[in-house]
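This is structure-v4.csv. It holds CSV, C-alpha atoms.
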chain,number,residue,atom,x,y,z
A,1,MET,CA,0.0,0.0,0.0
A,2,SER,CA,1.4,3.4,-1.0
A,3,GLU,CA,1.9,6.0,1.6
A,4,SER,CA,-0.6,8.3,0.0
A,5,VAL,CA,-3.3,5.7,0.1
A,6,LYS,CA,-2.5,4.9,3.8
A,7,THR,CA,-2.7,8.6,4.6
A,8,SER,CA,-5.9,9.2,2.7
A,9,THR,CA,-7.7,6.3,4.5
A,10,ASN,CA,-6.2,7.2,8.0
A,11,GLY,CA,-4.8,3.7,8.0
A,12,LYS,CA,-8.2,2.1,7.6
A,13,THR,CA,-8.5,-0.9,5.2
A,14,ARG,CA,-11.4,-2.5,3.4
A,15,GLU,CA,-11.2,-5.3,6.0
A,16,ASP,CA,-11.8,-2.7,8.8
A,17,ALA,CA,-14.8,-1.4,6.8
A,18,TRP,CA,-16.1,-4.9,6.1
A,19,ARG,CA,-15.9,-5.8,9.8
A,20,LEU,CA,-17.8,-2.6,10.8
A,21,MET,CA,-20.4,-3.1,8.1
A,22,THR,CA,-21.1,-6.7,8.9
A,23,GLU,CA,-21.2,-6.0,12.7
A,24,TRP,CA,-23.9,-3.5,12.1
A,25,THR,CA,-25.8,-5.0,9.2
A,26,GLY,CA,-27.5,-8.4,9.3
A,27,SER,CA,-29.6,-8.2,6.2
A,28,GLU,CA,-28.0,-10.0,3.3
A,29,SER,CA,-29.7,-7.7,0.7
A,30,LEU,CA,-28.5,-4.6,2.4
A,31,ARG,CA,-25.0,-6.0,2.6
A,32,ARG,CA,-25.2,-6.7,-1.2
A,33,HIS,CA,-26.4,-3.2,-1.9
A,34,MET,CA,-23.5,-1.7,-0.1
A,35,MET,CA,-21.1,-4.1,-1.9
A,36,ALA,CA,-22.6,-3.0,-5.2
A,37,VAL,CA,-22.2,0.7,-4.4
A,38,GLU,CA,-18.6,-0.2,-3.3
A,39,THR,CA,-18.0,-1.7,-6.7
A,40,ALA,CA,-19.4,1.3,-8.5
A,41,MET,CA,-17.4,3.6,-6.4
A,42,ARG,CA,-14.2,1.7,-7.1
A,43,GLY,CA,-14.8,1.8,-10.8
A,44,ALA,CA,-15.5,5.5,-10.8
A,45,ALA,CA,-12.4,6.2,-8.7
A,46,ARG,CA,-10.3,4.1,-11.1
A,47,ARG,CA,-11.6,6.0,-14.1
A,48,ALA,CA,-11.0,9.4,-12.4
A,49,GLY,CA,-7.5,8.5,-11.1
A,50,GLU,CA,-8.8,8.8,-7.5
A,51,ASP,CA,-8.1,6.6,-4.4
A,52,GLU,CA,-10.0,3.4,-5.1
A,53,GLU,CA,-9.6,2.2,-1.5
A,54,LEU,CA,-11.1,5.3,0.0
A,55,TRP,CA,-13.9,5.6,-2.5
A,56,GLY,CA,-14.7,1.9,-2.1
A,57,MET,CA,-14.9,2.2,1.6
A,58,ALA,CA,-17.3,5.1,1.3
A,59,GLY,CA,-19.6,2.9,-0.8
A,60,LEU,CA,-19.2,-0.1,1.5
A,61,LEU,CA,-20.1,1.9,4.6
A,62,HIS,CA,-22.7,4.4,3.3
A,63,ASP,CA,-25.7,2.5,4.8
A,64,PHE,CA,-23.9,0.5,7.5
A,65,ASP,CA,-26.0,2.2,10.2
A,66,TYR,CA,-29.4,1.8,8.4
A,67,GLU,CA,-30.7,-1.2,10.3
A,68,ARG,CA,-30.1,0.5,13.7
A,69,HIS,CA,-31.1,4.0,12.6
A,70,PRO,CA,-33.5,3.8,9.6
A,71,GLU,CA,-35.0,7.2,9.9
A,72,LEU,CA,-33.6,10.6,8.9
A,73,PRO,CA,-31.7,12.4,10.3
A,74,ASP,CA,-30.4,9.5,12.5
A,75,HIS,CA,-29.3,7.8,9.3
A,76,PRO,CA,-26.6,8.7,8.3
A,77,THR,CA,-25.7,11.1,11.1
A,78,LYS,CA,-25.5,8.5,13.9
A,79,GLY,CA,-23.3,6.4,11.6
A,80,ALA,CA,-21.1,9.4,11.0
A,81,GLU,CA,-20.5,9.7,14.7
A,82,VAL,CA,-19.4,6.1,14.8
A,83,LEU,CA,-17.1,6.5,11.8
A,84,ARG,CA,-15.4,9.6,13.4
A,85,ALA,CA,-14.9,7.6,16.7
A,86,GLU,CA,-13.4,4.8,14.6
A,87,GLY,CA,-11.0,7.2,12.9
A,88,TYR,CA,-12.3,7.2,9.4
A,89,PRO,CA,-11.3,10.2,7.3
A,90,GLU,CA,-13.6,13.2,7.2
A,91,THR,CA,-13.7,13.1,3.4
A,92,LEU,CA,-15.3,9.7,3.6
A,93,ILE,CA,-17.7,10.8,6.3
A,94,ALA,CA,-18.7,13.9,4.4
A,95,ALA,CA,-19.5,11.8,1.3
A,96,ILE,CA,-21.7,9.5,3.4
A,97,LEU,CA,-23.5,12.4,5.0
A,98,GLY,CA,-24.1,13.9,1.5
A,99,HIS,CA,-25.8,10.8,0.2
A,100,ALA,CA,-28.9,11.8,2.2
A,101,ARG,CA,-30.1,14.7,0.0
A,102,GLU,CA,-32.9,15.6,2.4
A,103,LEU,CA,-30.4,16.6,5.1
A,104,GLY,CA,-28.7,19.2,3.0
A,105,PHE,CA,-25.1,18.3,3.5
A,106,PRO,CA,-22.9,19.6,0.7
A,107,ARG,CA,-21.6,17.3,-1.9
A,108,ASP,CA,-18.6,19.3,-2.8
A,109,THR,CA,-16.0,16.6,-3.7
A,110,PRO,CA,-16.0,14.2,-6.6
A,111,MET,CA,-16.3,11.3,-4.1
A,112,ALA,CA,-19.4,12.8,-2.5
A,113,LYS,CA,-21.0,13.5,-5.9
A,114,THR,CA,-20.3,10.0,-7.1
A,115,LEU,CA,-21.6,8.3,-4.0
A,116,PHE,CA,-24.8,10.2,-4.3
A,117,ALA,CA,-25.1,9.4,-8.1
A,118,VAL,CA,-24.4,5.7,-7.9
A,119,ASP,CA,-26.3,4.8,-4.6
A,120,GLU,CA,-29.9,4.7,-5.9
A,121,LEU,CA,-28.7,3.7,-9.4
A,122,SER,CA,-26.9,0.6,-8.1
A,123,GLY,CA,-30.0,-0.5,-6.3
A,124,PHE,CA,-32.1,0.1,-9.4
A,125,LEU,CA,-29.7,-1.8,-11.6
A,126,THR,CA,-29.9,-4.7,-9.2
A,127,ALA,CA,-33.7,-4.6,-9.3
A,128,VAL,CA,-33.7,-4.6,-13.1
A,129,ALA,CA,-31.4,-7.7,-13.1
A,130,TYR,CA,-33.7,-9.6,-10.7
A,131,VAL,CA,-36.7,-9.2,-13.1
A,132,ARG,CA,-34.7,-10.5,-16.1
A,133,PRO,CA,-35.6,-14.1,-17.0
A,134,SER,CA,-32.0,-15.1,-16.2
A,135,LYS,CA,-31.9,-12.9,-13.1
A,136,LYS,CA,-28.4,-11.9,-14.3
A,137,ILE,CA,-27.0,-8.4,-14.6
A,138,ALA,CA,-25.1,-9.5,-17.7
A,139,ASP,CA,-28.5,-9.5,-19.5
A,140,VAL,CA,-29.3,-5.9,-18.6
A,141,ASP,CA,-28.6,-3.0,-21.0
A,142,VAL,CA,-28.9,0.7,-20.9
A,143,ALA,CA,-32.1,0.7,-22.9
A,144,SER,CA,-33.9,-1.7,-20.5
A,145,VAL,CA,-32.8,0.4,-17.5
A,146,LYS,CA,-34.2,3.6,-19.1
A,147,LYS,CA,-37.4,1.8,-19.9
A,148,LYS,CA,-37.8,0.6,-16.3
A,149,LEU,CA,-36.9,4.1,-15.0
A,150,LYS,CA,-40.1,5.4,-16.7
A,151,ASP,CA,-42.2,2.7,-15.0
A,152,LYS,CA,-43.1,4.4,-11.7
A,153,ALA,CA,-44.6,1.1,-10.3
A,154,PHE,CA,-41.3,-0.7,-10.8
A,155,ALA,CA,-38.8,-0.5,-7.8
A,156,ARG,CA,-40.9,2.2,-6.2
A,157,GLY,CA,-38.4,2.6,-3.3
A,158,VAL,CA,-35.8,3.9,-5.7
A,159,ASN,CA,-35.6,7.7,-5.8
A,160,ARG,CA,-35.4,8.5,-9.5
A,161,GLU,CA,-35.0,12.2,-8.8
A,162,ASP,CA,-31.7,11.3,-6.9
A,163,ILE,CA,-30.5,9.4,-10.0
A,164,ARG,CA,-31.3,12.4,-12.2
A,165,ILE,CA,-29.7,15.0,-9.8
A,166,GLY,CA,-26.7,12.7,-9.3
A,167,SER,CA,-26.1,12.6,-13.1
A,168,GLU,CA,-26.4,16.4,-13.3
A,169,GLU,CA,-24.0,17.0,-10.3
A,170,LEU,CA,-21.4,14.8,-11.9
A,171,GLY,CA,-21.8,16.5,-15.2
A,172,VAL,CA,-22.4,13.3,-17.1
A,173,GLY,CA,-25.3,12.2,-19.2
A,174,LEU,CA,-27.7,9.8,-17.7
A,175,ASP,CA,-27.0,7.2,-20.4
A,176,ASP,CA,-23.2,7.4,-19.6
A,177,LEU,CA,-23.8,7.1,-15.8
A,178,ILE,CA,-26.0,4.1,-16.3
A,179,ALA,CA,-23.5,2.5,-18.8
A,180,THR,CA,-20.5,2.9,-16.6
A,181,THR,CA,-22.2,1.9,-13.3
A,182,LEU,CA,-23.8,-1.1,-15.1
A,183,GLY,CA,-20.4,-2.1,-16.6
A,184,ASP,CA,-18.8,-2.0,-13.1
A,185,LEU,CA,-21.5,-4.2,-11.6
A,186,GLN,CA,-21.4,-6.6,-14.6
A,187,ALA,CA,-17.6,-6.9,-14.1
A,188,ASP,CA,-18.1,-7.9,-10.5
A,189,ALA,CA,-21.3,-9.9,-10.9
A,190,GLU,CA,-20.0,-13.1,-9.4
A,191,ARG,CA,-19.0,-11.6,-6.1
A,192,LEU,CA,-22.2,-9.6,-6.0
A,193,GLY,CA,-24.4,-12.6,-6.7
A,194,LEU,CA,-25.8,-10.9,-9.8
Rewrite the structure of this file - the entire thing - as structure tokens.
Amino acid sequence: MSESVKTSTNGKTREDAWRLMTEWTGSESLRRHMMAVETAMRGAARRAGEDEELWGMAGLLHDFDYERHPELPDHPTKGAEVLRAEGYPETLIAAILGHARELGFPRDTPMAKTLFAVDELSGFLTAVAYVRPSKKIADVDVASVKKKLKDKAFARGVNREDIRIGSEELGVGLDDLIATTLGDLQADAERLGL
């Protein structure tokens, strides 16, 4: 591990993040969601020349407190308190706080904007995969995702406005955001159970 990576993560590793996430999260589906967001964050960091470890941990931990604190503002602010006490970097904590748009925390870093953009989208892509006859994300394409986005009855819990705003904040077209996030999840499908 390079010194810059060690410094940017305050010495925290994916194993530390995994341990914390699994200690706080019993639901297999919520764990898989966080792993999918981790995958999307790592892919985005790689493309942007950013710190994959740090961005991946932000994705892996963004909902770790949800089972214990499912309501705003407790989620994610109570989790942020735990992350601070554990010594996670403020940039990671700020990105996690920013993924809850309703709380008004600024998303003023590429990591924070990306986490917000890929969180709901990763959940939506997973839902689209589950309704394919094969139940495989390999059989999902951008056109099918866009068609399902228009169907308000499908995956009602996914905030489509967050997906749209996330795309705008990143300054990328929705098709591009879907394509890159989908590609990341497809490349990691076996580990994600997709």
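For the residues A:Gly59, A:Gly173, A:Pro89, A:Pro106, ranking by smallest atom-to-atom distance to A:Gly11 using all atoms listed in the file places A:Pro89 first.
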Which value, in Å to one decimal, gives the distance between atom CA of A:Asn159 and atom CA of A:Thr126?
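Separation between atom CA of A:Asn159 and atom CA of A:Thr126: 14.1 Å.
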Please determine, counting all atoms listed in the file, which residue among A:Leu192, A:Val128, A:Ile93, A:Ala117 has the shortest atom-to-atom distance to A:Leu54.
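Of A:Leu192, A:Val128, A:Ile93, A:Ala117, the one nearest A:Leu54 is A:Ile93, counting all atoms listed in the file.
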Rank A:Arg156, A:Ser167, A:Leu103, A:Ala17 by their smallest atom-to-atom distance to A:Ala127, using all atoms listed in the file, and report the top residue only.
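Smallest separation from A:Ala127 among the options: A:Arg156.
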Shortest interatomic distance to A:Phe124 - which of A:Val82, A:Leu20, A:Leu92, A:Val145, counting only C-alpha atoms:
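Between A:Val82, A:Leu20, A:Leu92, A:Val145, the residue approaching A:Phe124 most closely is A:Val145.
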What would the list of residues within 10 Å of (-21.5, -3.4, -17.0) (file frame) look like as a PyMOL selection string, if only C-alpha atoms are what count?
chain A and resi 40+125+137-142+178-189
Interatomic distance between atom CA of A:Leu97 and atom CA of A:Ala112?
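If I compute the distance from atom CA of A:Leu97 to atom CA of A:Ala112, I get 8.6 Å.
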Rank nothing, just name the residue among A:Arg14, A:Lys148, A:Lys78, A:Arg101 nearest to A:Asp119, using only C-alpha atoms.
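Closest residue, counting only C-alpha atoms: A:Arg101.
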Can you tell me which residues surround A:Leu149 at a distance of at most 9 Å, considering all atoms listed in the file, apart from same-chain residues fewer than 5 positions away, and format the answer as a short mmCIF file (atom, residue, chain, number, x, y, z; two decimals) with C-alpha atoms, in the frame of the given file?
data_model
loop_
_atom_site.label_atom_id
_atom_site.label_comp_id
_atom_site.auth_asym_id
_atom_site.auth_seq_id
_atom_site.Cartn_x
_atom_site.Cartn_y
_atom_site.Cartn_z
CA PHE A 124 -32.10 0.10 -9.40
CA SER A 144 -33.90 -1.70 -20.50
CA PHE A 154 -41.30 -0.70 -10.80
CA ALA A 155 -38.80 -0.50 -7.80
CA ARG A 160 -35.40 8.50 -9.50
#
Can you work out which one of A:Thr109, A:Thr91, A:Thr114, A:Thr22 has the shortest atom-to-atom distance to A:Leu177, counting all atoms listed in the file?
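Between A:Thr109, A:Thr91, A:Thr114, A:Thr22, the residue approaching A:Leu177 most closely is A:Thr114.
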Take atom CA of A:Glu169 and atom CA of A:Gly123 and report the distance between them in Å, one decimal.
18.9 Å
Selection near A:Phe105, 12 Å with all atoms listed in the file, sequence-local residues under 3 positions removed, as a CSV table (one decimal) with C-alpha atoms, in the frame of the given file:
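For reference, result.csv as written:
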chain,number,residue,atom,x,y,z
A,73,PRO,CA,-31.7,12.4,10.3
A,76,PRO,CA,-26.6,8.7,8.3
A,77,THR,CA,-25.7,11.1,11.1
A,93,ILE,CA,-17.7,10.8,6.3
A,94,ALA,CA,-18.7,13.9,4.4
A,95,ALA,CA,-19.5,11.8,1.3
A,96,ILE,CA,-21.7,9.5,3.4
A,97,LEU,CA,-23.5,12.4,5.0
A,98,GLY,CA,-24.1,13.9,1.5
A,99,HIS,CA,-25.8,10.8,0.2
A,100,ALA,CA,-28.9,11.8,2.2
A,101,ARG,CA,-30.1,14.7,0.0
A,102,GLU,CA,-32.9,15.6,2.4
A,108,ASP,CA,-18.6,19.3,-2.8
A,109,THR,CA,-16.0,16.6,-3.7
A,112,ALA,CA,-19.4,12.8,-2.5
A,113,LYS,CA,-21.0,13.5,-5.9
A,116,PHE,CA,-24.8,10.2,-4.3
Could you check which residues have any atom within 9 Å of (-14.1, 0.2, -4.4), counting all atoms listed in the file with coordinates taken straight from the file, and then list them as a PyMOL selection string?
chain A and resi 14+35+37-46+51-60
For stretch 62-70 of chain A, take all atoms listed in the file, fit an axis-aligned box around them, add 8 Å to each of the six sides, then output centre and edge lengths in Å rounded to one decimal, as JSON.
{"center_x": -28.1, "center_y": 1.6, "center_z": 8.5, "size_x": 26.8, "size_y": 21.6, "size_z": 26.4}
